[in-house]
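Text of work-v4.cif (mmCIF, C-alpha atoms) as supplied:
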data_my_file
#
loop_
_atom_site.label_atom_id
_atom_site.label_comp_id
_atom_site.auth_asym_id
_atom_site.auth_seq_id
_atom_site.Cartn_x
_atom_site.Cartn_y
_atom_site.Cartn_z
CA MET A 1 3.80 -16.21 -11.06
CA THR A 2 4.83 -16.76 -7.42
CA ALA A 3 6.69 -14.26 -5.31
CA ALA A 4 9.72 -16.58 -5.14
CA ARG A 5 10.04 -16.54 -8.96
CA ALA A 6 9.18 -12.90 -9.52
CA TRP A 7 11.83 -10.72 -11.10
CA HIS A 8 12.47 -8.74 -7.91
CA GLY A 9 14.04 -11.83 -6.33
CA VAL A 10 12.48 -11.42 -2.89
CA PRO A 11 11.83 -14.85 -1.33
CA ALA A 12 8.19 -15.80 -0.89
CA ASP A 13 8.64 -16.07 2.88
CA HIS A 14 10.22 -12.64 3.37
CA PRO A 15 8.14 -10.62 5.90
CA PHE A 16 8.12 -7.72 3.42
CA GLY A 17 7.33 -9.85 0.38
CA VAL A 18 4.64 -9.01 -2.17
CA HIS A 19 2.03 -10.39 0.22
CA THR A 20 2.78 -7.46 2.58
CA LEU A 21 3.84 -4.32 0.65
CA PRO A 22 3.75 -1.82 3.51
CA TYR A 23 3.78 1.89 2.71
CA GLY A 24 6.15 4.55 4.01
CA SER A 25 8.08 7.72 3.23
CA PHE A 26 11.79 8.41 2.84
CA ARG A 27 14.53 10.88 2.03
CA ALA A 28 17.65 9.95 0.10
CA ALA A 29 20.80 11.68 -1.07
CA GLY A 30 20.38 13.09 -4.55
CA LEU A 31 16.58 13.22 -4.42
CA PRO A 32 14.70 16.44 -3.66
CA GLY A 33 12.28 16.40 -0.75
CA ARG A 34 10.49 13.32 0.53
CA ARG A 35 9.27 10.33 -1.46
CA ALA A 36 6.45 7.93 -0.73
CA CYS A 37 7.52 4.32 -0.93
CA ALA A 38 6.65 0.67 -0.43
CA ALA A 39 8.93 -1.91 1.15
CA VAL A 40 9.91 -4.80 -1.10
CA GLY A 41 12.11 -7.21 0.79
CA ASP A 42 15.21 -5.25 1.86
CA ARG A 43 14.59 -2.47 -0.65
CA VAL A 44 12.18 0.42 -1.02
CA LEU A 45 10.29 1.32 -4.17
CA ASP A 46 9.97 5.03 -4.91
CA LEU A 47 6.19 5.33 -5.34
CA THR A 48 6.31 9.05 -6.06
CA ALA A 49 8.35 8.31 -9.20
CA ALA A 50 6.68 4.98 -10.03
CA THR A 51 3.12 6.31 -10.10
CA ALA A 52 4.18 9.34 -12.14
CA ALA A 53 5.58 6.99 -14.78
CA LEU A 54 3.25 3.97 -14.63
CA LEU A 55 0.00 5.18 -13.05
CA PRO A 56 -0.15 8.87 -13.98
CA HIS A 57 -3.82 9.35 -13.13
CA ARG A 58 -2.88 8.46 -9.52
CA ALA A 59 0.42 10.35 -9.39
CA ALA A 60 -1.10 13.11 -7.24
CA LEU A 61 -1.63 10.60 -4.43
CA PHE A 62 2.10 10.48 -3.73
CA ALA A 63 3.27 13.86 -5.02
CA SER A 64 3.74 15.19 -1.47
CA GLY A 65 6.12 12.37 -0.61
CA THR A 66 3.80 11.14 2.14
CA LEU A 67 0.84 8.76 2.34
CA ASP A 68 -1.65 11.58 2.99
CA GLY A 69 -3.14 11.50 -0.50
CA LEU A 70 -3.51 7.73 -0.58
CA LEU A 71 -5.09 7.60 2.87
CA GLY A 72 -7.85 10.01 1.93
CA ALA A 73 -8.61 8.39 -1.43
CA GLY A 74 -10.77 5.59 -0.04
CA PRO A 75 -11.03 1.79 -0.31
CA ALA A 76 -11.52 1.53 -4.09
CA VAL A 77 -8.34 3.50 -4.76
CA TRP A 78 -6.44 1.64 -2.04
CA ALA A 79 -7.28 -1.61 -3.82
CA GLU A 80 -6.38 -0.20 -7.23
CA VAL A 81 -2.95 1.01 -6.08
CA ARG A 82 -2.17 -2.24 -4.29
CA ALA A 83 -3.12 -4.26 -7.36
CA ALA A 84 -0.95 -2.07 -9.60
CA LEU A 85 1.98 -2.31 -7.20
CA THR A 86 1.66 -6.09 -7.09
CA ALA A 87 1.57 -6.27 -10.89
CA TRP A 88 4.67 -4.06 -11.23
CA LEU A 89 6.61 -6.42 -8.99
CA THR A 90 5.43 -9.73 -10.38
CA ASP A 91 5.10 -9.11 -14.12
CA ASP A 92 8.41 -9.14 -16.01
CA ARG A 93 7.09 -6.55 -18.47
CA HIS A 94 7.36 -3.87 -15.77
CA ARG A 95 10.91 -4.69 -14.73
CA PRO A 96 12.71 -2.14 -16.95
CA ALA A 97 10.65 0.72 -15.55
CA VAL A 98 10.43 -0.39 -11.92
CA GLU A 99 13.84 -1.87 -11.13
CA PRO A 100 15.72 1.48 -11.34
CA LEU A 101 13.31 2.87 -8.74
CA LEU A 102 14.24 0.28 -6.11
CA ARG A 103 16.79 1.40 -3.52
CA PRO A 104 18.46 -0.55 -0.69
CA ALA A 105 16.60 0.26 2.52
CA GLY A 106 19.90 0.91 4.24
CA GLU A 107 20.64 3.82 1.91
CA VAL A 108 17.51 5.85 2.69
CA THR A 109 16.22 7.68 5.75
CA LEU A 110 12.68 6.67 6.64
CA THR A 111 10.43 9.50 7.83
CA LEU A 112 7.03 9.85 9.49
CA PRO A 113 4.88 8.29 6.77
CA PHE A 114 1.76 10.45 7.13
CA THR A 115 0.62 13.66 8.78
CA VAL A 116 -0.85 12.70 12.14
CA ALA A 117 -4.14 14.58 12.54
CA ASP A 118 -5.51 13.54 15.94
CA TYR A 119 -4.10 10.92 18.29
CA VAL A 120 -6.11 8.76 20.69
CA ASP A 121 -4.73 6.06 22.98
CA PHE A 122 -7.04 3.31 24.20
CA TYR A 123 -6.82 0.86 27.10
CA SER A 124 -8.14 -2.32 25.51
CA SER A 125 -6.22 -5.24 26.99
CA GLU A 126 -8.07 -6.89 29.87
CA HIS A 127 -4.85 -8.57 31.00
CA HIS A 128 -3.01 -5.24 31.13
CA ALA A 129 -5.91 -3.50 32.89
CA ARG A 130 -6.14 -6.28 35.48
CA ASN A 131 -2.38 -6.27 36.08
CA LEU A 132 -2.37 -2.53 36.71
CA GLY A 133 -5.54 -2.72 38.78
CA ARG A 134 -3.96 -5.26 41.10
CA LEU A 135 -0.97 -2.96 41.55
CA PHE A 136 -2.96 0.24 42.09
CA ARG A 137 -6.01 -1.20 43.90
CA PRO A 138 -4.77 -4.35 45.68
CA ASP A 139 -7.81 -4.50 47.94
CA GLY A 140 -10.43 -3.77 45.29
CA ASP A 141 -11.70 -4.90 41.91
CA PRO A 142 -8.81 -4.58 39.43
CA LEU A 143 -11.19 -3.40 36.70
CA THR A 144 -13.08 -0.14 36.98
CA PRO A 145 -16.89 -0.49 36.73
CA ASN A 146 -16.98 0.88 33.17
CA TRP A 147 -14.12 -1.19 31.72
CA LYS A 148 -16.19 -4.03 30.19
CA HIS A 149 -18.85 -1.67 28.88
CA LEU A 150 -16.76 0.63 26.68
CA PRO A 151 -13.26 0.95 25.22
CA ILE A 152 -11.63 3.49 27.56
CA GLY A 153 -9.29 6.00 25.94
CA TYR A 154 -7.84 9.49 26.12
CA HIS A 155 -6.82 12.13 23.60
CA GLY A 156 -3.06 12.57 23.26
CA ARG A 157 -0.81 14.98 21.41
CA SER A 158 -0.27 14.43 17.69
CA GLY A 159 2.63 16.89 17.74
CA THR A 160 4.85 14.56 19.75
CA VAL A 161 4.24 11.48 17.59
CA ALA A 162 7.63 10.71 16.04
CA VAL A 163 9.00 8.13 13.65
CA SER A 164 10.96 5.13 14.88
CA GLY A 165 14.57 5.94 15.74
CA THR A 166 13.85 9.43 17.03
CA PRO A 167 15.55 9.82 20.47
CA VAL A 168 13.24 10.05 23.48
CA ALA A 169 14.22 12.68 26.03
CA ARG A 170 13.43 11.78 29.64
CA PRO A 171 10.46 13.95 30.61
CA THR A 172 10.25 16.31 33.55
CA GLY A 173 7.17 16.69 35.70
CA GLN A 174 5.70 16.84 39.17
CA ARG A 175 6.02 13.78 41.38
CA ARG A 176 5.00 12.98 44.92
CA THR A 177 7.51 11.03 46.97
CA ALA A 178 6.61 8.20 49.34
CA ASP A 179 6.65 10.61 52.28
CA GLY A 180 4.27 13.03 50.54
CA VAL A 181 6.71 15.68 49.30
CA VAL A 182 5.83 17.17 45.90
CA THR A 183 8.86 17.81 43.69
CA LEU A 184 9.64 18.75 40.09
CA GLY A 185 12.23 16.75 38.22
CA PRO A 186 13.06 14.10 35.63
CA SER A 187 10.91 10.97 35.68
CA GLU A 188 12.42 8.13 37.67
CA ARG A 189 9.92 5.52 36.48
CA LEU A 190 10.10 5.81 32.69
CA ASP A 191 8.27 2.97 30.97
CA ILE A 192 7.21 1.59 27.61
CA GLU A 193 3.84 0.58 26.22
CA ALA A 194 3.90 -1.92 23.34
CA GLU A 195 0.89 -1.16 21.17
CA VAL A 196 -0.62 -1.51 17.70
CA GLY A 197 -1.80 1.67 15.98
CA PHE A 198 -4.62 2.05 13.46
CA VAL A 199 -4.41 4.73 10.78
CA VAL A 200 -7.58 6.40 9.51
CA GLY A 201 -7.91 6.88 5.77
CA THR A 202 -11.35 8.10 4.74
CA PRO A 203 -12.81 10.71 7.10
CA SER A 204 -16.24 10.31 8.65
CA THR A 205 -19.13 12.76 8.78
CA PRO A 206 -19.28 15.08 11.81
CA GLY A 207 -22.10 14.11 14.13
CA ARG A 208 -22.66 10.73 12.48
CA PRO A 209 -21.36 7.65 14.35
CA VAL A 210 -19.42 5.04 12.40
CA PRO A 211 -21.14 1.65 12.83
CA LEU A 212 -19.08 -1.49 13.27
CA ALA A 213 -19.93 -2.67 9.75
CA ASP A 214 -18.36 0.47 8.24
CA ALA A 215 -14.97 0.27 9.95
CA GLY A 216 -13.31 -1.08 6.82
CA ARG A 217 -14.38 2.03 4.88
CA HIS A 218 -12.34 4.25 7.17
CA LEU A 219 -9.42 2.23 8.55
CA PHE A 220 -6.51 1.98 6.12
CA GLY A 221 -3.84 0.05 7.96
CA VAL A 222 -1.76 -0.60 11.05
CA CYS A 223 1.59 0.44 12.46
CA LEU A 224 3.50 -0.32 15.64
CA VAL A 225 3.42 2.12 18.54
CA ASN A 226 5.45 2.68 21.69
CA ASP A 227 3.49 5.08 23.87
CA TRP A 228 6.25 5.97 26.36
CA SER A 229 4.95 6.57 29.87
CA ALA A 230 6.37 8.36 32.91
CA ARG A 231 4.68 6.33 35.63
CA ASP A 232 5.62 8.58 38.55
CA ILE A 233 4.39 11.73 36.81
CA GLN A 234 1.26 9.92 35.63
CA ALA A 235 0.44 8.56 39.09
CA TRP A 236 0.42 12.05 40.63
CA GLU A 237 -1.46 13.91 37.90
CA TYR A 238 -4.01 11.50 36.45
CA VAL A 239 -6.80 11.89 39.07
CA PRO A 240 -9.41 13.01 38.10
CA LEU A 241 -8.86 13.80 34.41
CA GLY A 242 -6.40 11.14 33.28
CA PRO A 243 -3.01 11.18 31.51
CA PHE A 244 -1.31 14.48 30.70
CA LEU A 245 2.44 15.19 31.02
CA GLY A 246 3.12 11.57 31.92
CA LYS A 247 2.16 10.63 28.36
CA SER A 248 2.43 13.72 26.17
CA PHE A 249 6.23 13.90 25.80
CA ALA A 250 6.70 11.21 23.13
CA THR A 251 4.90 8.53 21.15
CA SER A 252 6.99 6.50 18.69
CA VAL A 253 5.53 4.87 15.59
CA SER A 254 7.02 2.47 13.08
CA PRO A 255 7.92 3.89 9.65
CA TRP A 256 5.74 1.34 7.84
CA VAL A 257 1.96 1.29 7.56
CA VAL A 258 0.74 -2.20 6.68
CA PRO A 259 -2.59 -2.04 4.82
CA LEU A 260 -5.42 -4.04 6.30
CA ALA A 261 -5.61 -5.77 2.92
CA ALA A 262 -2.38 -7.57 3.85
CA LEU A 263 -3.80 -8.87 7.13
CA GLY A 264 -6.74 -10.92 5.88
CA HIS A 265 -5.16 -14.17 7.10
CA ALA A 266 -4.57 -12.65 10.54
CA ARG A 267 -8.25 -11.99 11.28
CA VAL A 268 -9.48 -13.86 14.36
CA ALA A 269 -12.48 -13.69 16.65
CA PRO A 270 -11.92 -11.49 19.71
CA PRO A 271 -12.27 -12.95 23.22
CA PRO A 272 -15.80 -13.59 24.54
CA ARG A 273 -17.37 -10.47 26.10
CA ASP A 274 -19.27 -10.60 29.37
CA PRO A 275 -21.48 -8.67 29.78
CA ARG A 276 -22.63 -8.37 26.20
CA PRO A 277 -21.82 -4.86 24.93
CA LEU A 278 -24.50 -2.34 24.06
CA PRO A 279 -25.81 -2.73 20.49
CA TYR A 280 -23.50 -0.13 18.92
CA LEU A 281 -20.49 -2.10 20.25
CA ASP A 282 -21.90 -5.60 19.87
CA ASP A 283 -19.94 -7.40 17.16
CA THR A 284 -21.51 -10.82 17.74
CA GLY A 285 -21.82 -12.53 14.38
CA GLY A 286 -20.15 -9.68 12.51
CA GLU A 287 -16.84 -9.36 10.72
CA PRO A 288 -14.03 -10.50 13.05
CA TRP A 289 -11.76 -7.56 13.90
CA GLY A 290 -9.39 -9.42 16.19
CA LEU A 291 -5.88 -9.70 14.73
CA ASP A 292 -3.40 -12.49 15.41
CA ILE A 293 -0.37 -10.21 15.64
CA GLU A 294 2.63 -11.43 17.64
CA LEU A 295 4.73 -8.66 19.15
CA THR A 296 8.27 -8.91 20.48
CA VAL A 297 9.89 -6.43 22.86
CA THR A 298 13.65 -6.14 23.32
CA LEU A 299 15.57 -3.97 25.77
CA ASN A 300 19.15 -3.27 24.71
CA GLY A 301 18.96 -6.22 22.34
CA HIS A 302 17.64 -8.64 24.98
CA PRO A 303 14.12 -10.08 24.48
CA ILE A 304 11.91 -9.31 27.47
CA ALA A 305 8.33 -9.97 26.28
CA ARG A 306 6.13 -11.44 23.54
CA PRO A 307 2.70 -9.81 23.86
CA PRO A 308 -0.14 -11.42 21.82
CA PHE A 309 -2.48 -8.92 20.16
CA SER A 310 -5.12 -11.62 19.62
CA ALA A 311 -5.95 -11.39 23.33
CA MET A 312 -7.18 -7.77 23.12
CA TYR A 313 -10.70 -7.38 24.53
CA TRP A 314 -11.82 -4.38 22.44
CA THR A 315 -11.20 -4.27 18.69
CA ALA A 316 -10.33 -1.40 16.36
CA ALA A 317 -13.86 -1.44 14.94
CA GLN A 318 -15.32 -1.04 18.42
CA GLN A 319 -12.84 1.70 19.25
CA LEU A 320 -13.84 3.60 16.11
CA ALA A 321 -17.54 3.09 16.82
CA HIS A 322 -17.17 4.39 20.37
CA LEU A 323 -14.89 7.28 19.40
CA THR A 324 -17.53 8.59 16.97
CA SER A 325 -20.60 7.70 19.03
CA GLY A 326 -20.66 11.03 20.83
CA GLY A 327 -20.54 13.16 17.69
CA ALA A 328 -16.80 13.46 17.06
CA HIS A 329 -15.62 12.50 13.59
CA VAL A 330 -12.36 11.04 12.36
CA ARG A 331 -10.09 12.75 9.84
CA THR A 332 -7.59 11.45 7.34
CA GLY A 333 -4.39 10.71 9.24
CA ASP A 334 -6.01 10.18 12.62
CA LEU A 335 -4.07 7.64 14.65
CA PHE A 336 -5.53 5.60 17.44
CA ALA A 337 -3.49 3.13 19.44
CA SER A 338 -4.74 -0.05 21.02
CA GLY A 339 -3.34 0.55 24.46
CA THR A 340 -0.69 -1.70 25.98
CA VAL A 341 -0.82 -5.22 24.55
CA SER A 342 -0.51 -7.85 27.27
CA GLY A 343 -1.41 -11.52 27.45
CA PRO A 344 -2.07 -13.91 30.33
CA GLY A 345 1.47 -15.29 30.54
CA ALA A 346 4.33 -13.92 32.66
CA GLY A 347 6.39 -13.08 29.59
CA GLU A 348 3.51 -11.56 27.65
CA CYS A 349 3.29 -8.14 29.27
CA GLY A 350 3.82 -5.04 27.13
CA SER A 351 5.09 -2.70 29.85
CA LEU A 352 7.86 -2.70 32.43
CA ILE A 353 5.50 -1.84 35.26
CA GLU A 354 3.81 -5.19 34.68
CA LEU A 355 6.96 -7.17 33.96
CA THR A 356 8.60 -5.94 37.19
CA ARG A 357 5.41 -5.85 39.30
CA GLY A 358 5.64 -2.15 39.83
CA GLY A 359 9.42 -2.23 40.22
CA ALA A 360 9.41 -4.87 42.97
CA VAL A 361 10.94 -7.65 40.83
CA PRO A 362 13.72 -6.30 38.57
CA LEU A 363 14.34 -7.78 35.14
CA GLU A 364 17.65 -9.59 34.80
CA LEU A 365 19.62 -8.66 31.68
CA PRO A 366 22.79 -10.22 30.24
CA GLY A 367 26.02 -9.18 31.97
CA GLY A 368 24.44 -8.99 35.41
CA GLU A 369 22.46 -5.80 34.78
CA THR A 370 18.93 -5.38 36.09
CA ARG A 371 16.10 -2.98 35.24
CA THR A 372 12.89 -1.90 36.86
CA PHE A 373 12.36 1.16 34.66
CA LEU A 374 14.39 2.71 31.84
CA ARG A 375 17.78 4.36 32.26
CA ASP A 376 19.34 6.94 29.96
CA GLY A 377 20.96 5.15 27.02
CA ASP A 378 18.51 2.24 27.03
CA GLU A 379 17.04 1.29 23.67
CA VAL A 380 13.69 -0.45 23.25
CA VAL A 381 12.65 -2.13 20.00
CA ILE A 382 9.16 -3.49 19.38
CA GLY A 383 8.64 -5.73 16.35
CA ALA A 384 5.72 -7.79 15.10
CA THR A 385 4.54 -10.30 12.52
CA ALA A 386 1.19 -11.83 11.62
CA PRO A 387 -0.02 -14.85 9.63
CA GLY A 388 -0.04 -14.43 5.86
CA PRO A 389 -1.02 -16.51 2.83
CA GLY A 390 0.41 -19.98 2.41
CA GLY A 391 1.96 -20.07 5.85
CA VAL A 392 4.26 -17.06 5.36
CA ARG A 393 4.47 -14.21 7.84
CA VAL A 394 3.38 -10.64 7.22
CA GLY A 395 5.94 -8.24 8.69
CA LEU A 396 4.94 -5.09 10.53
CA GLY A 397 8.54 -3.91 10.84
CA SER A 398 9.63 -2.40 14.13
CA VAL A 399 9.56 0.76 16.21
CA SER A 400 12.61 1.76 18.23
CA GLY A 401 13.65 4.52 20.57
CA ARG A 402 16.64 5.33 22.76
CA ILE A 403 16.34 7.27 26.00
CA VAL A 404 18.45 10.43 26.20
CA PRO A 405 18.88 12.78 29.18
CA THR A 406 16.29 15.37 30.15
CA GLY A 407 16.44 18.48 27.99
CA THR A 408 18.18 16.83 25.03
CA PRO A 409 16.76 18.16 21.72
CA THR A 410 15.21 15.26 19.80
CA GLY A 411 13.68 16.82 16.72
CA ALA A 412 10.41 15.00 17.35
#

Please, can you express the file's structure as structure tokens?
Amino acid sequence: MTAARAWHGVPADHPFGVHTLPYGSFRAAGLPGRRACAAVGDRVLDLTAATAALLPHRAALFASGTLDGLLGAGPAVWAEVRAALTAWLTDDRHRPAVEPLLRPAGEVTLTLPFTVADYVDFYSSEHHARNLGRLFRPDGDPLTPNWKHLPIGYHGRSGTVAVSGTPVARPTGQRRTADGVVTLGPSERLDIEAEVGFVVGTPSTPGRPVPLADAGRHLFGVCLVNDWSARDIQAWEYVPLGPFLGKSFATSVSPWVVPLAALGHARVAPPPRDPRPLPYLDDTGGEPWGLDIELTVTLNGHPIARPPFSAMYWTAAQQLAHLTSGGAHVRTGDLFASGTVSGPGAGECGSLIELTRGGAVPLELPGGETRTFLRDGDEVVIGATAPGPGGVRVGLGSVSGRIVPTGTPTGA
């Protein structure tokens, strides 16, 4: 039975068709607490109720209303649940039990889908790194000496990771003006970073590195990330220890986690590496962990960039291998982001600092407006799709955020 003929009526080419089935969490009027869910076209399926009725031995996975239980259950259970979910939506025998549990997506409030344990942000796009290097070190090598030897990253704050739609308050911090005066105040160079996030399911063993070949045992799925950045605060504080207040104020994630099982047709080989990485990072001849994900970035409804994730130099498997190589382990719900996704083209940059060349070339928006960095009231939306079976597209949904004035409570 094809998706187009299945009883749920979702067209085969819908980004959230049965070939995708992303997982999330929601609240709805008349229902107590939160519910875990899957997106089915323009509706959501209440998985907390569905598993209790149709898959009772797995009901505990979704009893909390989040994805926490599923994430920690491991690959065999992930496959079992996905197969059951697919059968419920494509076999007419399940329609009487499942159809009443489908709700229009517009009638629910999507929430943070899992408990974020630790958060790490990487810096894995060579195009992005070179663009910033040319801005910051115009007379030197745009890449730092270590960049092609390891996936650079930093540890962020899980407590300020918020679901899409949560307002983003303009951060305050120290800045140094052009004439050398140090001041404290709201950021004047507030920026975006269009990224892809990877969600850890099965934890690893403390002190034991995760080899490249084992990445699929630990990584459950992907989401979209906007790692908001205060460039003026960051520029003053980051030497010598790296990002701090310029990054810690907000990180937005999409409400949907797309399982890696849905992205099999999006797997591509990463770019050639030169020099060849050390053995623990050398993926030559191994499973391809590049992903052909196409991102779109809009500012106040106007498209400004289309960053290609397939151009990323370091993959999620390499990031995981490096993260654990020093003895640290990953936990269920860990989130690590790719770093800004940028491609070689002028319209393929995932940050405003690149798109405007450090603010020197403003973006032109409809109605005669221009932007170098974000103003209060601006809304940024990042969406993405990837190749799926039979030529359809797998949807990753979107992550959005609107800038509100400094000091505004956001509930993040």

Residues matched by the PyMOL selection byres ((chain A and resi 144) around 12) as a PyMOL selection string: chain A and resi 123+126+129-130+132-134+136-137+140-143+145-152

Next, write the just-selected residues to a file, as a CSV table (one decimal), in the frame of the given file, keeping C-alpha atoms as the atom set.
chain,number,residue,atom,x,y,z
A,123,TYR,CA,-6.8,0.9,27.1
A,126,GLU,CA,-8.1,-6.9,29.9
A,129,ALA,CA,-5.9,-3.5,32.9
A,130,ARG,CA,-6.1,-6.3,35.5
A,132,LEU,CA,-2.4,-2.5,36.7
A,133,GLY,CA,-5.5,-2.7,38.8
A,134,ARG,CA,-4.0,-5.3,41.1
A,136,PHE,CA,-3.0,0.2,42.1
A,137,ARG,CA,-6.0,-1.2,43.9
A,140,GLY,CA,-10.4,-3.8,45.3
A,141,ASP,CA,-11.7,-4.9,41.9
A,142,PRO,CA,-8.8,-4.6,39.4
A,143,LEU,CA,-11.2,-3.4,36.7
A,145,PRO,CA,-16.9,-0.5,36.7
A,146,ASN,CA,-17.0,0.9,33.2
A,147,TRP,CA,-14.1,-1.2,31.7
A,148,LYS,CA,-16.2,-4.0,30.2
A,149,HIS,CA,-18.8,-1.7,28.9
A,150,LEU,CA,-16.8,0.6,26.7
A,151,PRO,CA,-13.3,1.0,25.2
A,152,ILE,CA,-11.6,3.5,27.6

message: I'd like the neighbourhood of stretch 68-70 of chain A as a PyMOL selection string, where a residue qualifies if any of its atoms comes within 12 Å (using all atoms listed in the file), though same-chain residues fewer than 6 positions away should be ignored.
response: chain A and resi 23-25+35-37+47-48+51+58-62+76-82+112-117+199-203+220-221+257+259+331-334

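Using all atoms listed in the file, the shortest contact distance between A:His128 and any of A:Pro307, A:Pro206, A:Gly395, A:Pro288 is found at A:Pro307.
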
task: Might you spell out which residues the PyMOL selection byres ((chain A and resi 119) around 8) would select in the displayed file, as a ChimeraX atom specification?
output: /A:116-118,120-121,155-158,334-337

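Once A:Leu184 and its same-chain neighbours fewer than 4 positions away are set aside, Pro171, Thr172, Gly173, Gln174, Arg175, Arg176, Thr177, Glu188, Asp232, Ile233 and Trp236 of chain A remain within 12 Å of it when counting only C-alpha atoms.
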
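Nearest residue to A:Leu260, choosing from A:Arg217, A:Arg93, A:His57, A:His329 and counting only C-alpha atoms: A:Arg217.
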
field: Point-to-point distance in Å for atom CA of A:Cys349 and atom CA of A:Val239
entry: 24.5 Å

field: Residue members of the PyMOL selection byres ((chain A and resi 18-20) around 10) in the file shown, as a PyMOL selection string
entry: chain A and resi 2-4+6+8+10-17+21-23+38-41+82+85-87+89-90+258-263+388-390+392-396

- prompt: Any idea what's packed within 9 Å of A:Ala384, counting all atoms listed in the file, ignoring anything in its chain fewer than 2 positions away? Could you give it as a ChimeraX atom specification?
  reply: /A:224,293-297,382,386,394-398

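The two atoms in question, atom CA of A:Ser254 and atom CA of A:Leu241, are spaced 28.9 Å apart.
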
Near A:Arg43, within 7 Å and counting only C-alpha atoms, which residues show up once chain neighbours fewer than 6 positions away are dropped, as a PDB file with C-alpha atoms, keeping the file's coordinate frame?
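Written file, out26.pdb:
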ATOM      1  CA  LEU A 102      14.240   0.280  -6.110  1.00  0.00           C
ATOM      2  CA  ARG A 103      16.790   1.400  -3.520  1.00  0.00           C
ATOM      3  CA  PRO A 104      18.460  -0.550  -0.690  1.00  0.00           C
ATOM      4  CA  ALA A 105      16.600   0.260   2.520  1.00  0.00           C
TER       5      ALA A 105
END

task: Write out as a PyMOL selection string each polymer residue whose atoms come within 12 Å of A:Leu281, counting all atoms listed in the file; drop sequence neighbours fewer than 3 positions from it.
output: chain A and resi 148-151+209-213+215+273+275-278+284+286+313-325

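In terms of minimum interatomic distance to A:Gly72, A:Ser204 ranks closest within A:Thr372, A:Asn300, A:Ser204, A:Ser342, counting all atoms listed in the file.
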
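The coordinates place atom CA of A:Leu55 at 23.7 Å from atom CA of A:His218.
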
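Ranking A:Leu71, A:Val404, A:Ala178, A:Ala63 by their shortest atom-to-atom distance to A:Gly33, with only C-alpha atoms included, puts A:Ala63 first.
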